$ cat structure.txt   # compact mmCIF, C-alpha atoms
# COMPACT_ATOMS: atom_id res chain seq x y z
CA MET A 10 30.57 -32.14 16.60
CA SER A 11 29.61 -28.51 16.01
CA GLU A 12 31.95 -26.40 13.95
CA LYS A 13 33.79 -23.55 15.62
CA ARG A 14 32.40 -20.14 14.66
CA ALA A 15 34.53 -17.80 12.62
CA PRO A 16 36.28 -14.96 14.51
CA GLY A 17 34.11 -12.36 12.78
CA PHE A 18 30.81 -13.96 13.86
CA LEU A 19 30.41 -12.10 17.17
CA PRO A 20 31.05 -8.57 15.80
CA LEU A 21 28.70 -9.20 12.87
CA ALA A 22 26.05 -10.61 15.22
CA ILE A 23 26.30 -7.48 17.38
CA VAL A 24 25.97 -5.22 14.32
CA PHE A 25 22.94 -7.21 13.14
CA ALA A 26 21.30 -7.01 16.59
CA LEU A 27 21.85 -3.24 16.68
CA PHE A 28 20.37 -2.95 13.19
CA VAL A 29 17.25 -4.87 14.22
CA LEU A 30 16.95 -2.70 17.35
CA PHE A 31 17.30 0.45 15.24
CA MET A 32 14.61 -0.78 12.82
CA TYR A 33 12.02 -2.06 15.29
CA GLY A 34 12.92 -0.28 18.53
CA PRO A 35 10.83 2.85 17.79
CA MET A 36 7.77 0.72 17.00
CA LEU A 37 8.20 -1.19 20.26
CA VAL A 38 8.60 2.05 22.25
CA ILE A 39 5.43 3.53 20.73
CA PHE A 40 3.54 0.31 21.46
CA ILE A 41 4.59 0.37 25.13
CA LEU A 42 3.95 4.11 25.67
CA SER A 43 0.45 3.85 24.19
CA PHE A 44 -0.56 1.88 27.33
CA GLN A 45 0.35 4.71 29.72
CA GLY A 46 -1.97 5.40 32.62
CA PRO A 47 -4.25 8.48 32.71
CA GLU A 48 -1.44 10.59 34.17
CA GLY A 49 1.13 9.31 31.67
CA GLY A 50 3.10 11.41 29.24
CA LEU A 51 5.07 10.99 26.04
CA THR A 52 8.22 9.65 27.67
CA PHE A 53 9.39 6.97 30.07
CA PRO A 54 8.95 5.97 32.85
CA LEU A 55 5.40 4.63 32.55
CA ARG A 56 2.90 6.12 34.98
CA GLY A 57 0.57 3.20 35.31
CA VAL A 58 -0.76 0.82 32.68
CA SER A 59 -4.22 1.18 31.14
CA LEU A 60 -6.26 1.51 27.96
CA HIS A 61 -7.13 5.12 28.83
CA TRP A 62 -5.58 6.65 25.71
CA PHE A 63 -7.31 4.20 23.41
CA TYR A 64 -10.64 5.31 24.90
CA LYS A 65 -9.58 8.91 24.36
CA LEU A 66 -8.74 8.04 20.79
CA ALA A 67 -12.20 6.53 20.26
CA GLU A 68 -13.76 9.75 21.57
CA GLY A 69 -11.80 11.80 19.03
CA LEU A 70 -8.76 14.06 19.15
CA GLY A 71 -10.07 17.59 19.09
CA VAL A 72 -11.59 18.42 15.71
CA VAL A 73 -9.88 15.46 14.01
CA ASP A 74 -12.14 12.52 13.21
CA ILE A 75 -9.64 9.66 13.41
CA GLY A 76 -12.33 7.05 12.67
CA ALA A 77 -13.30 8.73 9.40
CA ALA A 78 -9.65 9.12 8.40
CA LEU A 79 -9.06 5.43 9.17
CA ARG A 80 -12.02 4.40 7.02
CA ARG A 81 -10.82 6.60 4.17
CA SER A 82 -7.33 5.08 4.32
CA LEU A 83 -8.75 1.55 4.38
CA ALA A 84 -11.07 2.26 1.43
CA LEU A 85 -8.29 3.89 -0.58
CA GLY A 86 -5.85 1.10 0.29
CA LEU A 87 -8.29 -1.58 -0.85
CA ALA A 88 -9.01 0.28 -4.10
CA VAL A 89 -5.29 0.69 -4.77
CA MET A 90 -4.72 -2.98 -3.97
CA ALA A 91 -7.41 -4.11 -6.43
CA CYS A 92 -6.20 -1.81 -9.22
CA THR A 93 -2.56 -2.75 -8.65
CA VAL A 94 -3.33 -6.48 -8.88
CA VAL A 95 -5.51 -6.20 -12.00
CA PHE A 96 -3.27 -3.79 -13.93
CA SER A 97 -0.04 -5.54 -12.93
CA VAL A 98 -1.30 -8.96 -14.03
CA LEU A 99 -2.65 -7.58 -17.32
CA ALA A 100 0.58 -5.68 -17.99
CA GLY A 101 2.67 -8.74 -17.11
CA LEU A 102 0.68 -10.84 -19.59
CA ALA A 103 0.99 -8.17 -22.27
CA PHE A 104 4.75 -7.83 -21.87
CA ARG A 105 5.22 -11.57 -22.40
CA LYS A 106 4.92 -10.80 -26.10
CA LYS A 107 6.99 -8.32 -28.06
CA LEU A 108 5.15 -5.00 -28.08
CA ALA A 109 5.71 -2.08 -30.42
CA GLY A 110 7.07 0.66 -28.16
CA GLY A 111 7.14 -1.72 -25.21
CA ASN A 112 10.53 -0.50 -23.96
CA THR A 113 9.39 3.12 -24.02
CA LEU A 114 6.18 2.23 -22.18
CA PHE A 115 8.15 0.29 -19.57
CA PHE A 116 10.49 3.19 -18.85
CA ILE A 117 7.56 5.62 -18.65
CA VAL A 118 5.94 3.44 -16.00
CA ILE A 119 9.15 2.96 -14.02
CA ALA A 120 10.07 6.67 -14.23
CA SER A 121 7.61 7.51 -11.46
CA LEU A 122 9.81 5.60 -9.01
CA ILE A 123 12.70 8.03 -9.45
CA MET A 124 10.58 11.19 -9.47
CA PRO A 125 10.34 12.98 -6.10
CA SER A 126 7.01 12.02 -4.57
CA ILE A 127 6.02 15.57 -3.71
CA ILE A 128 6.59 16.64 -7.34
CA VAL A 129 4.31 13.82 -8.55
CA SER A 130 1.68 14.94 -6.05
CA LEU A 131 1.94 18.59 -7.10
CA GLY A 132 1.69 17.63 -10.77
CA ILE A 133 -1.42 15.50 -10.25
CA GLY A 134 -3.01 18.20 -8.09
CA LEU A 135 -2.34 20.84 -10.76
CA GLU A 136 -3.68 18.54 -13.49
CA PHE A 137 -6.98 18.05 -11.67
CA ARG A 138 -7.28 21.77 -10.89
CA LEU A 139 -6.90 22.48 -14.61
CA LEU A 140 -9.56 19.81 -15.20
CA ASP A 141 -11.82 21.62 -12.73
CA GLY A 142 -11.34 24.82 -14.69
CA GLY A 143 -12.21 23.09 -17.95
CA ILE A 144 -15.33 21.45 -16.49
CA LYS A 145 -16.55 24.74 -15.01
CA TRP A 146 -15.97 26.54 -18.31
CA ALA A 147 -17.88 23.83 -20.18
CA LEU A 148 -20.80 23.97 -17.73
CA GLU A 149 -20.92 27.74 -18.00
CA PHE A 150 -20.73 27.59 -21.78
CA LEU A 151 -23.60 25.09 -21.89
CA GLY A 152 -25.70 27.25 -19.56
CA MET A 153 -25.91 24.55 -16.86
CA GLN A 154 -25.82 27.03 -14.01
CA ASP A 155 -27.44 24.76 -11.40
CA THR A 156 -24.88 22.02 -12.09
CA LEU A 157 -22.08 24.60 -12.01
CA ASP A 158 -23.24 25.95 -8.64
CA GLY A 159 -23.26 22.43 -7.17
CA TYR A 160 -19.92 21.41 -8.66
CA GLY A 161 -17.03 21.14 -6.22
CA THR A 162 -13.81 19.64 -7.50
CA ALA A 163 -12.56 16.57 -9.34
CA LEU A 164 -9.91 16.15 -6.63
CA GLY A 165 -10.92 13.30 -4.37
CA LEU A 166 -10.18 10.01 -2.70
CA PHE A 167 -10.99 7.76 -5.66
CA THR A 168 -9.88 10.12 -8.43
CA SER A 169 -6.68 12.11 -7.95
CA ALA A 170 -5.54 10.36 -4.75
CA LEU A 171 -6.09 6.92 -6.30
CA GLY A 172 -4.09 7.95 -9.35
CA ALA A 173 -1.29 9.36 -7.20
CA HIS A 174 -0.99 6.12 -5.25
CA LEU A 175 -1.03 4.01 -8.39
CA THR A 176 2.00 5.91 -9.70
CA TRP A 177 3.80 4.43 -6.68
CA THR A 178 2.38 0.91 -6.53
CA LEU A 179 2.03 -0.07 -10.20
CA PRO A 180 5.77 0.03 -11.03
CA PHE A 181 6.47 -2.36 -8.15
CA GLY A 182 3.63 -4.65 -9.22
CA LEU A 183 4.88 -4.66 -12.81
CA LEU A 184 8.46 -5.49 -11.76
CA ILE A 185 7.19 -8.38 -9.62
CA MET A 186 5.12 -9.72 -12.52
CA PHE A 187 8.17 -9.55 -14.78
CA ALA A 188 10.09 -11.67 -12.28
CA ILE A 189 7.21 -14.16 -12.07
CA PHE A 190 6.75 -14.61 -15.81
CA ASN A 191 10.49 -14.75 -16.48
CA ARG A 192 10.58 -18.11 -14.69
CA PHE A 193 7.12 -19.26 -15.80
CA ASN A 194 7.19 -22.36 -17.99
CA PRO A 195 4.95 -21.77 -21.05
CA ALA A 196 4.75 -25.54 -21.60
CA TYR A 197 1.84 -25.65 -19.13
CA GLU A 198 -0.22 -23.30 -21.31
CA GLU A 199 0.75 -25.18 -24.46
CA ALA A 200 -0.39 -28.44 -22.90
CA ALA A 201 -3.72 -26.88 -21.93
CA ARG A 202 -4.29 -25.57 -25.43
CA ASP A 203 -3.37 -28.93 -26.92
CA LEU A 204 -6.17 -30.36 -24.80
CA GLY A 205 -8.62 -27.87 -26.28
CA ALA A 206 -8.59 -25.06 -23.71
CA THR A 207 -9.37 -21.54 -24.89
CA PRO A 208 -6.94 -18.71 -24.00
CA TRP A 209 -9.26 -17.67 -21.16
CA GLN A 210 -9.57 -21.22 -19.83
CA SER A 211 -5.80 -21.60 -20.05
CA PHE A 212 -5.33 -18.46 -17.99
CA ARG A 213 -8.13 -19.25 -15.53
CA HIS A 214 -7.25 -22.89 -14.83
CA VAL A 215 -3.49 -23.01 -15.46
CA VAL A 216 -1.72 -19.65 -15.28
CA LEU A 217 -3.68 -17.98 -12.48
CA PRO A 218 -3.43 -20.86 -9.97
CA LEU A 219 0.34 -21.03 -10.55
CA ILE A 220 0.93 -17.30 -10.04
CA ALA A 221 -1.78 -16.84 -7.36
CA PRO A 222 0.61 -16.65 -4.32
CA SER A 223 2.64 -13.95 -6.06
CA VAL A 224 -0.53 -12.06 -7.02
CA VAL A 225 -1.58 -12.08 -3.36
CA GLY A 226 1.84 -10.65 -2.51
CA ILE A 227 1.36 -7.86 -5.06
CA GLY A 228 -1.98 -7.07 -3.44
CA MET A 229 -0.37 -6.78 -0.01
CA PHE A 230 2.39 -4.66 -1.50
CA GLY A 231 -0.17 -2.31 -3.04
CA PHE A 232 -2.18 -1.97 0.17
CA THR A 233 0.78 -1.37 2.48
CA LEU A 234 2.40 1.17 0.14
CA SER A 235 -0.90 3.07 -0.03
CA TRP A 236 -1.64 2.69 3.69
CA ASP A 237 1.27 4.86 4.87
CA GLU A 238 1.76 7.16 1.86
CA ILE A 239 1.95 10.87 2.69
CA ALA A 240 3.92 12.81 0.06
CA ARG A 241 1.97 11.64 -3.00
CA THR A 242 -1.32 12.17 -1.19
CA SER A 243 -0.72 15.61 0.28
CA GLN A 244 -1.44 17.73 -2.82
CA ALA A 245 -3.72 15.32 -4.64
CA ILE A 246 -6.53 14.41 -2.26
CA GLY A 247 -8.61 17.56 -2.10
CA ASP A 248 -10.56 18.59 0.99
CA VAL A 249 -10.26 15.36 3.02
CA ASN A 250 -7.31 13.62 4.64
CA THR A 251 -6.15 10.05 4.95
CA LEU A 252 -4.95 8.71 8.29
CA PRO A 253 -1.21 9.34 7.63
CA LEU A 254 -1.95 12.99 6.77
CA GLU A 255 -4.01 13.38 9.94
CA LEU A 256 -1.20 11.80 11.95
CA GLN A 257 1.30 14.20 10.45
CA GLY A 258 -0.85 17.11 11.54
CA LEU A 259 -1.43 15.66 15.00
CA THR A 260 2.30 15.40 15.74
CA THR A 261 2.41 19.18 16.15
CA THR A 262 -0.80 19.58 18.19
CA VAL A 263 -1.33 16.42 20.30
CA THR A 264 0.93 16.12 23.34
CA THR A 265 -0.60 13.05 24.96
CA PRO A 266 -0.06 9.29 24.47
CA SER A 267 -3.16 9.30 22.24
CA ILE A 268 -0.80 9.84 19.32
CA TYR A 269 0.99 6.63 20.30
CA ALA A 270 -2.36 4.83 20.54
CA VAL A 271 -3.03 5.81 16.92
CA GLY A 272 0.37 4.42 15.95
CA THR A 273 -0.39 1.15 17.72
CA VAL A 274 -3.77 0.81 15.97
CA THR A 275 -2.27 1.45 12.52
CA THR A 276 0.55 -1.02 13.20
CA VAL A 277 -1.96 -3.68 14.26
CA VAL A 278 -3.91 -3.11 11.02
CA SER A 279 -0.68 -3.56 9.04
CA PHE A 280 0.11 -6.80 10.87
CA ILE A 281 -3.43 -8.08 10.28
CA VAL A 282 -3.08 -7.44 6.53
CA MET A 283 0.30 -9.20 6.46
CA GLY A 284 -1.10 -12.12 8.47
CA ILE A 285 -4.06 -12.53 6.11
CA THR A 286 -1.68 -12.39 3.16
CA LEU A 287 0.60 -15.07 4.60
CA LEU A 288 -2.37 -17.32 5.34
CA LEU A 289 -3.65 -16.89 1.78
CA VAL A 290 -0.23 -17.64 0.31
CA LYS A 291 0.07 -20.74 2.50
CA PHE A 292 -3.43 -21.89 1.55
CA LEU A 293 -2.79 -21.35 -2.17
CA GLY A 294 0.55 -23.16 -1.89
CA ARG A 295 -1.09 -26.18 -0.29
CA LYS A 296 -3.88 -26.14 -2.88
CA GLN A 297 -1.31 -26.05 -5.68
CA LYS A 298 0.58 -29.00 -4.15
CA GLY A 299 -2.65 -30.92 -3.85
CA ARG A 300 -3.37 -30.43 -7.55
CA SER A 301 0.11 -31.54 -8.56
$ encode --input "structure.txt" --output "structure tokens"
Amino acid sequence: MSEKRAPGFLPLAIVFALFVLFMYGPMLVIFILSFQGPEGGLTFPLRGVSLHWFYKLAEGLGVVDIGAALRRSLALGLAVMACTVVFSVLAGLAFRKKLAGGNTLFFIVIASLIMPSIIVSLGIGLEFRLLDGGIKWALEFLGMQDTLDGYGTALGLFTSALGAHLTWTLPFGLLIMFAIFNRFNPAYEEAARDLGATPWQSFRHVVLPLIAPSVVGIGMFGFTLSWDEIARTSQAIGDVNTLPLELQGLTTTVTTPSIYAVGTVTTVVSFIVMGITLLLVKFLGRKQKGRS
């Protein structure tokens, strides 16, 4: 026989349903409105159903090259993901041992989480502008006038913008690695070394397969945090824009469902990344069970 539900179940269920609606309702509304007909607007009711606004999006929105902005965001997101995974794993391994000044280093890394994002962006932008001034002075001092004339700026997608995004993703990656290694049993590594494995072989064949699902999760975390970042990118990217920055600008100039079509495309990309991540985690989990 089923147990009778507690008196507070129904009110809590209603609150939870409203919370889910509040969280995902806007995304659902944007998804629906992006399929408006050619005469459709930015509000309900729908005036027909079509892919018209996706075709308009492919043609371009005024002077904004959405395709180029999308490619830039994807490239930056993948670079941030790779750097976050590598640096987080290396830092997690390093912090397994007692480090001189390790506590200070940890708090320096984590401090970027509590700093306002726009301040971090302004600081990085100013730092690279000072670097530009130093490089130009050095080129002028060395008499390299042709190089000076062709020099633009050190601000860019894979310089200042990459650094700005890493100040956001690396602390999360490091905290996740701490949680992973706190419950990691070092007896596995000791057994491998007793059998003659080198430190690299121990890491490659023992540690990495055990932490691989979590490492994949860190990669997804790094990509998704970079994918929709605006504040830390705004002052640190230079002359080009990522997709979120272009979207922010379009919200004040585009008054057609094309803006919703962009939102649908970016959401689909996010779901694809999450789907690939879940499949990889599932595959690695099955592989690990097979080995055991």
$ residues_around --input "structure.txt" --residues "segment 239-245 of chain A" --least-positions-apart "6" --cutoff "12 Å" --atoms "all atoms listed in the file" --output "PyMOL selection string"
chain A and resi 82+85+121-122+124-138+162-178+251-258
$ atom_distance --input "structure.txt" --atom1 "atom CA of Val216 of chain A" --atom2 "atom CA of Ala188 of chain A"
14.6 Å
$ atom_distance --input "structure.txt" --atom1 "atom CA of Ala88 of chain A" --atom2 "atom CA of Leu217 of chain A"
20.8 Å
$ residues_around --input "structure.txt" --residues "Met36 of chain A" --least-positions-apart "4" --cutoff "12 Å" --atoms "only C-alpha atoms" --output "PyMOL selection string"
chain A and resi 29-32+40-43+269-277
$ write_last_selection --input "structure.txt" --atoms "C-alpha atoms" --output "PDB file, in the frame of the given file"
ATOM      1  CA  VAL A  29      17.250  -4.870  14.220  1.00  0.00           C
ATOM      2  CA  LEU A  30      16.950  -2.700  17.350  1.00  0.00           C
ATOM      3  CA  PHE A  31      17.300   0.450  15.240  1.00  0.00           C
ATOM      4  CA  MET A  32      14.610  -0.780  12.820  1.00  0.00           C
ATOM      5  CA  PHE A  40       3.540   0.310  21.460  1.00  0.00           C
ATOM      6  CA  ILE A  41       4.590   0.370  25.130  1.00  0.00           C
ATOM      7  CA  LEU A  42       3.950   4.110  25.670  1.00  0.00           C
ATOM      8  CA  SER A  43       0.450   3.850  24.190  1.00  0.00           C
ATOM      9  CA  TYR A 269       0.990   6.630  20.300  1.00  0.00           C
ATOM     10  CA  ALA A 270      -2.360   4.830  20.540  1.00  0.00           C
ATOM     11  CA  VAL A 271      -3.030   5.810  16.920  1.00  0.00           C
ATOM     12  CA  GLY A 272       0.370   4.420  15.950  1.00  0.00           C
ATOM     13  CA  THR A 273      -0.390   1.150  17.720  1.00  0.00           C
ATOM     14  CA  VAL A 274      -3.770   0.810  15.970  1.00  0.00           C
ATOM     15  CA  THR A 275      -2.270   1.450  12.520  1.00  0.00           C
ATOM     16  CA  THR A 276       0.550  -1.020  13.200  1.00  0.00           C
ATOM     17  CA  VAL A 277      -1.960  -3.680  14.260  1.00  0.00           C
TER      18      VAL A 277
END
$ residues_around --input "structure.txt" --residues "Val98 of chain A" --least-positions-apart "6" --cutoff "12 Å" --atoms "only C-alpha atoms" --output "VMD selection string"
chain A and resid 91 to 92 104 to 105 179 to 190 212 216 to 217 220 to 221 223 to 225 227 to 228
$ atom_distance --input "structure.txt" --atom1 "atom CA of Asp248 of chain A" --atom2 "atom CA of Phe150 of chain A"
26.5 Å
$ residues_near_point --input "structure.txt" --point "(-7.2, 7.2, 30.6)" --cutoff "12 Å" --atoms "only C-alpha atoms" --output "list in words"
Ser43, Phe44, Gln45, Gly46, Pro47, Glu48, Gly49, Gly50, Arg56, Gly57, Val58, Ser59, Leu60, His61, Trp62, Phe63, Tyr64, Lys65, Leu66, Ala67, Glu68, Thr265, Pro266, Ser267 and Ala270 of chain A
$ write_last_selection --input "structure.txt" --atoms "C-alpha atoms" --output "mmCIF file, in the coordinates of the input"
data_model
loop_
_atom_site.group_PDB
_atom_site.id
_atom_site.type_symbol
_atom_site.label_atom_id
_atom_site.label_comp_id
_atom_site.auth_asym_id
_atom_site.auth_seq_id
_atom_site.Cartn_x
_atom_site.Cartn_y
_atom_site.Cartn_z
ATOM 1 C CA SER A 43 0.450 3.850 24.190
ATOM 2 C CA PHE A 44 -0.560 1.880 27.330
ATOM 3 C CA GLN A 45 0.350 4.710 29.720
ATOM 4 C CA GLY A 46 -1.970 5.400 32.620
ATOM 5 C CA PRO A 47 -4.250 8.480 32.710
ATOM 6 C CA GLU A 48 -1.440 10.590 34.170
ATOM 7 C CA GLY A 49 1.130 9.310 31.670
ATOM 8 C CA GLY A 50 3.100 11.410 29.240
ATOM 9 C CA ARG A 56 2.900 6.120 34.980
ATOM 10 C CA GLY A 57 0.570 3.200 35.310
ATOM 11 C CA VAL A 58 -0.760 0.820 32.680
ATOM 12 C CA SER A 59 -4.220 1.180 31.140
ATOM 13 C CA LEU A 60 -6.260 1.510 27.960
ATOM 14 C CA HIS A 61 -7.130 5.120 28.830
ATOM 15 C CA TRP A 62 -5.580 6.650 25.710
ATOM 16 C CA PHE A 63 -7.310 4.200 23.410
ATOM 17 C CA TYR A 64 -10.640 5.310 24.900
ATOM 18 C CA LYS A 65 -9.580 8.910 24.360
ATOM 19 C CA LEU A 66 -8.740 8.040 20.790
ATOM 20 C CA ALA A 67 -12.200 6.530 20.260
ATOM 21 C CA GLU A 68 -13.760 9.750 21.570
ATOM 22 C CA THR A 265 -0.600 13.050 24.960
ATOM 23 C CA PRO A 266 -0.060 9.290 24.470
ATOM 24 C CA SER A 267 -3.160 9.300 22.240
ATOM 25 C CA ALA A 270 -2.360 4.830 20.540
#
$ closest_residue --input "structure.txt" --among "A:Gly226, A:Pro218, A:Pro54, A:Gly142" --to "Val290 of chain A" --atoms "all atoms listed in the file"
A:Gly226
$ closest_residue --input "structure.txt" --among "A:Val249, A:Thr264, A:His214, A:Lys296" --to "Thr52 of chain A" --atoms "only C-alpha atoms"
A:Thr264
$ residues_near_point --input "structure.txt" --point "(0.8, -23.9, -17.1)" --cutoff "6 Å" --atoms "all atoms listed in the file" --output "list in words"
Tyr197, Glu198, Val215 and Val216 of chain A
$ closest_residue --input "structure.txt" --among "A:Phe292, A:Phe18, A:Trp236, A:Trp146" --to "Arg80 of chain A" --atoms "all atoms listed in the file"
A:Trp236
$ closest_residue --input "structure.txt" --among "A:Ile119, A:Met229, A:Met153, A:Leu114" --to "Thr93 of chain A" --atoms "all atoms listed in the file"
A:Met229
